[in-house]
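Coordinates from input03.txt are shown below (compact mmCIF, C-alpha atoms).
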# COMPACT_ATOMS: atom_id res chain seq x y z
CA MET A 1 -190.43 -69.09 119.71
CA SER A 2 -187.18 -70.40 121.20
CA PHE A 3 -186.15 -69.55 124.75
CA THR A 4 -182.73 -69.49 126.36
CA LEU A 5 -182.59 -70.39 130.04
CA PRO A 6 -181.32 -67.58 132.28
CA ASP A 7 -177.70 -67.59 133.38
CA ARG A 8 -176.04 -66.34 136.60
CA ILE A 9 -179.17 -67.19 138.54
CA ASP A 10 -177.29 -67.34 141.86
CA THR A 11 -176.51 -63.63 141.73
CA ARG A 12 -179.37 -62.09 139.73
CA PRO A 13 -182.45 -60.73 141.54
CA ILE A 14 -185.88 -62.33 141.79
CA ALA A 15 -189.04 -60.24 141.46
CA VAL A 16 -192.32 -60.92 143.28
CA LEU A 17 -195.36 -58.99 142.05
CA GLY A 18 -197.95 -58.75 144.80
CA ALA A 19 -197.23 -58.42 148.52
CA GLY A 20 -200.27 -60.10 150.03
CA THR A 21 -200.30 -63.24 152.16
CA LEU A 22 -198.63 -65.43 149.54
CA GLY A 23 -196.56 -62.80 147.74
CA ARG A 24 -194.68 -61.88 150.89
CA ARG A 25 -194.20 -65.55 151.72
CA ILE A 26 -192.74 -66.22 148.26
CA ALA A 27 -190.36 -63.30 148.80
CA LEU A 28 -189.31 -64.77 152.15
CA MET A 29 -188.51 -68.19 150.68
CA MET A 30 -186.68 -66.74 147.68
CA ALA A 31 -184.48 -64.68 150.04
CA THR A 32 -182.84 -67.77 151.55
CA ARG A 33 -180.10 -68.16 148.90
CA GLY A 34 -178.38 -64.79 149.21
CA ALA A 35 -179.80 -62.97 146.20
CA GLU A 36 -181.85 -59.77 146.17
CA VAL A 37 -185.63 -60.23 146.19
CA ARG A 38 -187.75 -57.31 145.03
CA LEU A 39 -191.30 -57.12 146.33
CA TYR A 40 -193.58 -54.97 144.18
CA ALA A 41 -197.13 -53.86 144.91
CA ARG A 42 -199.14 -50.85 143.84
CA SER A 43 -200.21 -50.14 147.43
CA ALA A 44 -197.37 -48.64 149.49
CA ALA A 45 -198.94 -49.89 152.72
CA THR A 46 -199.23 -53.47 151.43
CA ARG A 47 -195.75 -53.37 149.93
CA ASP A 48 -194.08 -52.05 153.09
CA ALA A 49 -196.00 -54.45 155.33
CA GLY A 50 -194.98 -57.37 153.11
CA VAL A 51 -191.29 -56.45 153.23
CA ALA A 52 -191.40 -55.89 156.99
CA TRP A 53 -193.01 -59.30 157.54
CA ALA A 54 -190.58 -61.13 155.26
CA ARG A 55 -187.55 -59.50 156.88
CA GLU A 56 -188.86 -60.34 160.34
CA GLN A 57 -189.40 -64.00 159.42
CA LEU A 58 -186.13 -64.45 157.55
CA PRO A 59 -183.79 -65.32 160.48
CA ALA A 60 -186.07 -68.13 161.66
CA MET A 61 -186.42 -69.48 158.13
CA LEU A 62 -182.65 -69.45 157.60
CA ALA A 63 -182.21 -71.44 160.79
CA LYS A 64 -184.41 -74.20 159.33
CA LEU A 65 -182.54 -74.46 156.01
CA PRO A 66 -179.03 -75.93 156.08
CA GLY A 67 -176.65 -74.03 153.81
CA SER A 68 -179.00 -71.07 153.42
CA THR A 69 -177.78 -67.46 153.15
CA ALA A 70 -179.72 -64.30 153.89
CA GLY A 71 -180.77 -62.38 150.82
CA ARG A 72 -181.85 -58.76 150.63
CA ILE A 73 -185.61 -58.13 150.56
CA VAL A 74 -186.48 -54.71 149.17
CA ALA A 75 -189.70 -52.84 148.45
CA VAL A 76 -190.01 -51.50 144.91
CA ASP A 77 -192.72 -49.08 143.78
CA ASN A 78 -191.91 -49.15 140.06
CA LEU A 79 -192.56 -52.25 137.95
CA ALA A 80 -189.66 -51.63 135.58
CA ASP A 81 -187.25 -51.31 138.50
CA ALA A 82 -188.61 -54.50 140.05
CA LEU A 83 -187.99 -56.45 136.84
CA LYS A 84 -184.61 -55.07 135.84
CA GLY A 85 -182.07 -57.89 135.74
CA ALA A 86 -184.42 -60.43 137.36
CA TRP A 87 -184.08 -64.02 136.17
CA LEU A 88 -187.37 -65.18 137.75
CA VAL A 89 -190.63 -63.25 138.13
CA PHE A 90 -193.50 -64.46 140.32
CA GLU A 91 -196.97 -63.00 139.86
CA SER A 92 -199.14 -63.12 143.00
CA VAL A 93 -201.95 -60.65 142.33
CA PRO A 94 -205.69 -61.15 143.02
CA GLU A 95 -207.50 -64.00 141.27
CA GLN A 96 -208.94 -61.96 138.39
CA LEU A 97 -208.19 -63.05 134.83
CA ALA A 98 -208.31 -59.54 133.35
CA LEU A 99 -205.81 -58.34 135.95
CA LYS A 100 -203.46 -61.21 135.23
CA ARG A 101 -203.62 -60.49 131.51
CA GLU A 102 -202.79 -56.85 132.20
CA ILE A 103 -199.90 -57.67 134.53
CA PHE A 104 -198.32 -60.22 132.21
CA ALA A 105 -198.55 -57.92 129.20
CA GLN A 106 -196.68 -55.27 131.20
CA VAL A 107 -194.16 -57.77 132.57
CA ASP A 108 -193.51 -59.22 129.13
CA ALA A 109 -192.67 -55.78 127.78
CA LEU A 110 -190.34 -54.86 130.67
CA ALA A 111 -188.69 -58.10 131.84
CA GLU A 112 -185.33 -59.38 130.66
CA PRO A 113 -185.60 -61.60 127.54
CA ASP A 114 -184.38 -64.64 129.47
CA ALA A 115 -186.58 -64.10 132.55
CA ILE A 116 -188.89 -66.97 133.52
CA LEU A 117 -192.44 -65.70 134.11
CA ALA A 118 -194.36 -67.62 136.77
CA SER A 119 -197.97 -67.22 137.88
CA ASN A 120 -199.11 -68.15 141.39
CA SER A 121 -202.74 -68.22 140.26
CA SER A 122 -204.93 -70.46 142.41
CA SER A 123 -207.33 -71.54 139.68
CA TYR A 124 -206.34 -70.04 136.31
CA ALA A 125 -204.09 -72.09 134.07
CA SER A 126 -201.36 -69.93 132.55
CA SER A 127 -202.61 -71.00 129.11
CA GLU A 128 -205.57 -68.65 129.73
CA PHE A 129 -203.30 -65.60 129.55
CA SER A 130 -200.41 -66.95 127.46
CA ASP A 131 -201.51 -64.69 124.62
CA SER A 132 -200.53 -61.73 126.82
CA VAL A 133 -196.84 -62.52 126.32
CA ARG A 134 -194.91 -62.56 123.08
CA ASN A 135 -192.97 -65.70 123.97
CA PRO A 136 -195.12 -68.14 126.00
CA ALA A 137 -192.17 -70.54 126.08
CA ARG A 138 -191.05 -68.73 129.26
CA LEU A 139 -194.46 -68.79 131.00
CA LEU A 140 -195.78 -71.34 133.52
CA ASN A 141 -197.76 -71.77 136.74
CA THR A 142 -195.92 -72.01 140.04
CA HIS A 143 -198.71 -72.49 142.56
CA PHE A 144 -197.88 -72.02 146.24
CA LEU A 145 -200.38 -73.44 148.72
CA GLN A 146 -202.39 -71.95 151.58
CA PRO A 147 -201.74 -71.69 154.44
CA PRO A 148 -198.40 -70.22 153.35
CA GLU A 149 -196.39 -72.31 155.82
CA MET A 150 -196.88 -75.31 153.53
CA PRO A 151 -193.79 -76.13 151.38
CA PRO A 152 -195.37 -77.68 148.24
CA VAL A 153 -195.22 -75.76 144.96
CA GLU A 154 -197.09 -77.10 141.93
CA LEU A 155 -195.44 -76.56 138.54
CA MET A 156 -197.65 -76.61 135.44
CA SER A 157 -196.88 -75.80 131.82
CA CYS A 158 -198.90 -73.22 129.90
CA GLY A 159 -198.87 -75.74 127.05
CA GLN A 160 -196.00 -73.95 125.34
CA THR A 161 -193.52 -73.74 128.23
CA ASP A 162 -189.95 -74.53 127.19
CA PRO A 163 -189.33 -78.17 128.22
CA ALA A 164 -186.19 -77.21 130.17
CA ILE A 165 -187.91 -74.74 132.54
CA ILE A 166 -189.92 -77.09 134.75
CA PRO A 167 -186.98 -79.50 135.33
CA LEU A 168 -184.79 -76.48 136.19
CA LEU A 169 -187.26 -75.19 138.79
CA ALA A 170 -187.88 -78.70 140.13
CA GLU A 171 -184.15 -78.96 140.77
CA LEU A 172 -183.76 -75.47 142.27
CA LEU A 173 -186.82 -75.07 144.50
CA PRO A 174 -185.75 -77.59 147.19
CA ARG A 175 -182.74 -75.34 147.88
CA TYR A 176 -185.26 -72.69 148.98
CA GLY A 177 -187.04 -75.07 151.36
CA LEU A 178 -189.82 -75.86 148.89
CA THR A 179 -191.11 -79.15 147.50
CA PRO A 180 -191.97 -79.13 143.77
CA TYR A 181 -194.79 -81.23 142.32
CA VAL A 182 -195.12 -81.39 138.54
CA VAL A 183 -198.70 -81.28 137.22
CA ARG A 184 -198.49 -83.72 134.33
CA ARG A 185 -201.33 -82.28 132.25
CA GLU A 186 -203.29 -79.03 132.38
CA SER A 187 -205.71 -79.04 135.28
CA THR A 188 -207.96 -76.26 136.58
CA GLY A 189 -207.03 -76.27 140.27
CA PHE A 190 -203.79 -78.19 139.69
CA ILE A 191 -203.52 -81.22 142.04
CA PHE A 192 -204.14 -80.17 145.63
CA ASN A 193 -206.69 -77.44 144.98
CA ARG A 194 -208.97 -79.82 143.09
CA ILE A 195 -209.10 -82.01 146.19
CA TRP A 196 -209.38 -79.01 148.53
CA ALA A 197 -212.14 -77.48 146.37
CA ALA A 198 -214.36 -80.48 147.03
CA ILE A 199 -213.81 -80.14 150.77
CA LYS A 200 -214.54 -76.39 150.70
CA ARG A 201 -217.65 -76.86 148.59
CA GLU A 202 -219.17 -79.51 150.83
CA THR A 203 -218.24 -77.54 153.96
CA LEU A 204 -220.08 -74.48 152.64
CA ALA A 205 -223.05 -76.64 151.63
CA VAL A 206 -223.25 -78.13 155.13
CA VAL A 207 -223.25 -74.63 156.65
CA ALA A 208 -225.66 -73.18 154.07
CA GLU A 209 -228.15 -76.00 154.61
CA GLY A 210 -228.07 -75.55 158.40
CA VAL A 211 -226.65 -79.03 158.96
CA ALA A 212 -223.90 -77.66 161.25
CA THR A 213 -222.28 -74.40 162.28
CA PRO A 214 -218.78 -73.46 161.09
CA ALA A 215 -217.40 -74.24 164.56
CA GLU A 216 -219.06 -77.66 164.58
CA VAL A 217 -217.77 -78.48 161.10
CA ASP A 218 -214.23 -77.55 162.11
CA ALA A 219 -214.46 -79.46 165.38
CA ILE A 220 -215.43 -82.75 163.76
CA TYR A 221 -213.01 -82.24 160.86
CA THR A 222 -209.99 -81.59 163.07
CA GLN A 223 -210.81 -84.43 165.46
CA ALA A 224 -211.36 -86.90 162.63
CA THR A 225 -208.34 -85.91 160.54
CA GLY A 226 -205.85 -84.69 163.16
CA MET A 227 -205.44 -81.43 161.25
CA ALA A 228 -204.65 -78.31 163.24
CA ALA A 229 -207.37 -76.21 161.58
CA GLY A 230 -210.68 -76.93 159.94
CA PRO A 231 -211.91 -75.81 156.50
CA CYS A 232 -213.92 -72.84 157.81
CA ARG A 233 -210.91 -71.39 159.62
CA LEU A 234 -208.76 -71.96 156.56
CA MET A 235 -211.24 -70.27 154.22
CA ASP A 236 -211.35 -67.28 156.57
CA LEU A 237 -207.55 -67.19 156.47
CA VAL A 238 -207.46 -67.19 152.67
CA GLY A 239 -210.24 -64.59 152.46
CA LEU A 240 -213.83 -65.33 151.48
CA ASP A 241 -213.58 -62.94 148.54
CA VAL A 242 -210.70 -65.01 147.16
CA VAL A 243 -212.58 -68.25 147.86
CA LEU A 244 -215.57 -66.93 145.88
CA ASP A 245 -213.39 -65.81 142.95
CA ILE A 246 -211.95 -69.31 142.75
CA GLU A 247 -215.36 -70.99 143.03
CA GLU A 248 -216.81 -68.76 140.29
CA ASN A 249 -213.95 -69.78 138.00
CA TYR A 250 -214.49 -73.47 138.74
CA ALA A 251 -218.21 -73.07 138.01
CA GLN A 252 -217.42 -71.58 134.60
CA LYS A 253 -215.11 -74.49 133.78
CA ARG A 254 -217.17 -77.39 135.16
CA ALA A 255 -220.87 -77.68 134.50
CA GLY A 256 -223.13 -78.88 137.27
CA LEU A 257 -221.34 -77.59 140.35
CA PRO A 258 -223.85 -76.76 143.12
CA GLU A 259 -224.84 -73.09 143.45
CA GLY A 260 -225.49 -73.15 147.22
CA PRO A 261 -221.88 -72.67 148.36
CA ARG A 262 -221.45 -69.63 146.09
CA VAL A 263 -224.76 -68.16 147.25
CA LEU A 264 -223.58 -68.40 150.86
CA LEU A 265 -220.25 -66.77 149.99
CA ARG A 266 -221.99 -63.92 148.19
CA GLN A 267 -224.24 -63.37 151.22
CA LEU A 268 -221.25 -63.31 153.57
CA LEU A 269 -219.42 -60.80 151.38
CA ALA A 270 -222.54 -58.61 151.11
CA ASP A 271 -222.57 -58.55 154.92
CA GLY A 272 -218.96 -57.33 154.93
CA ARG A 273 -217.51 -60.66 156.03
CA LEU A 274 -214.17 -61.08 154.23
CA GLY A 275 -212.57 -63.39 156.78
CA ARG A 276 -209.66 -62.91 159.10
CA LYS A 277 -208.31 -59.90 157.20
CA ASN A 278 -211.20 -57.68 158.28
CA GLY A 279 -212.17 -59.47 161.50
CA ARG A 280 -215.39 -61.15 160.33
CA GLY A 281 -215.92 -64.19 158.16
CA LEU A 282 -217.42 -67.57 158.89
CA TYR A 283 -216.16 -66.77 162.40
CA ASP A 284 -216.52 -63.52 164.34
CA ASP A 285 -213.69 -63.88 166.86
CA TYR A 286 -210.79 -62.27 164.96
CA PRO A 287 -209.01 -59.13 166.14
CA LYS A 288 -209.81 -56.11 164.01
CA ALA A 289 -207.15 -55.39 161.39
Could you quickly redo this structure as structure tokens?
Amino acid sequence: MSFTLPDRIDTRPIAVLGAGTLGRRIALMMATRGAEVRLYARSAATRDAGVAWAREQLPAMLAKLPGSTAGRIVAVDNLADALKGAWLVFESVPEQLALKREIFAQVDALAEPDAILASNSSSYASSEFSDSVRNPARLLNTHFLQPPEMPPVELMSCGQTDPAIIPLLAELLPRYGLTPYVVRRESTGFIFNRIWAAIKRETLAVVAEGVATPAEVDAIYTQATGMAAGPCRLMDLVGLDVVLDIEENYAQKRAGLPEGPRVLLRQLLADGRLGRKNGRGLYDDYPKA
């Protein structure tokens, strides 16, 4: 099917579906050009917390971006209201393929015909749920990185994405303080996450085999690389449940990946260790949420 690029994008709203760590950060960055940004989540507590965080962070972000203008960040509890008039829709829901299929089927039915539909999935290519939308020419991946302070955004076609969409977003995203990277062919894990997945996997293997503790792994990693945080801290920040979802998806796509890292993650989750968000993960020294 043909697709017509959206017009009046400077004044039309942007919708962000999901108000977790990355959803609220996407809303923050999209609110730096003066337009309304609607943050939708099924949970009122998550939605309100996401809006409050984004509004609090906005003045500091504007100060870093020359020529930026404060937009209006609003909480929306109805999907149809969130999508009405929006030219760009970001999905940032949990890393579950069935949920993404459900969300995109609903979005496709309710969004404006010229709205660009973007998934922030960490490991699922948008081609895996392109059959959920009637016109996949408007669908693509826009993958924001963790931790959310990082500016790169990876852009990847669903295989049927209109050829004008990715160049349009590559031109526009730097105005929002973001750096676009085009993934030149479909890749599970895009560019950065494929590299990061190898680091995570070996880190978990080292811990699972008793070679070193999480603190020791992070200490040698940060000293050797100059990074501010090690892989164990970063996995706790992302959430070990999310890390496991991603690893399970990789294992389905790539034969021969070691089982040990996923076994350790399953054990940690069974012990109630989700990471920083509930105070216990690979580390135990987080304040209780």
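Nearest residue to Leu17 in chain A among A:Gly71, A:Pro94, A:Gly177, A:Gly85 is A:Pro94, counting all atoms listed in the file.
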Around all the atoms of range 157-176 of chain A listed in the file, draw an axis-aligned box and extend it by 8 Å on each of the six sides; I want its centre and edge lengths in Å to one decimal, as JSON.
{"center_x": -190.8, "center_y": -76.1, "center_z": 137.2, "size_x": 32.2, "size_y": 22.8, "size_z": 39.6}
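For Met150 in chain A, the set of protein, DNA and RNA residues having any atom at most 12 Å away, when counting all atoms listed in the file and skipping those fewer than 6 positions along the same chain, is Leu22, Arg25, Ile26, Met29, His143, Phe144, Gly177, Leu178, Thr179, Pro180 and Phe192 of chain A.
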Shell of 8 Å around range 30-41 of chain A, only C-alpha atoms, local chain residues under 5 positions omitted, as a PyMOL selection string: chain A and resi 10-19+23-24+46-47+50-51+58+61-62+68-79+82+175-176
May I ask which of the residues A:Ala45, A:Ala170, A:Ala60, A:Ile199 is the closest one to Leu234 in chain A, counting all atoms listed in the file?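 Looking at the shortest contact to Leu234 in chain A, the residue is A:Ile199.
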Fewer than 6 positions away in the same chain doesn't count, so skip those; otherwise give me all residues within 9 Å of range 214-229 of chain A, counting only C-alpha atoms, as a list in words. Thr203, Leu204, Val206, Val207, Leu282 and Tyr283 of chain A
Skipping near chain neighbours, those fewer than 6 positions away, what residues fall within 6 Å of range 120-130 of chain A using all atoms listed in the file, listed as a list in words? Glu91, Ser92, Arg101, Pro136, Leu140, Asn141, Thr142, His143, Cys158, Thr188, Gly189 and Ile246 of chain A
Nearest to Phe190 in chain A among A:Ile9, A:Leu265, A:Val153, A:Ala44, with distances taken over all atoms listed in the file: which residue is it?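 Counting all atoms listed in the file, the residue closest to Phe190 in chain A is A:Val153.
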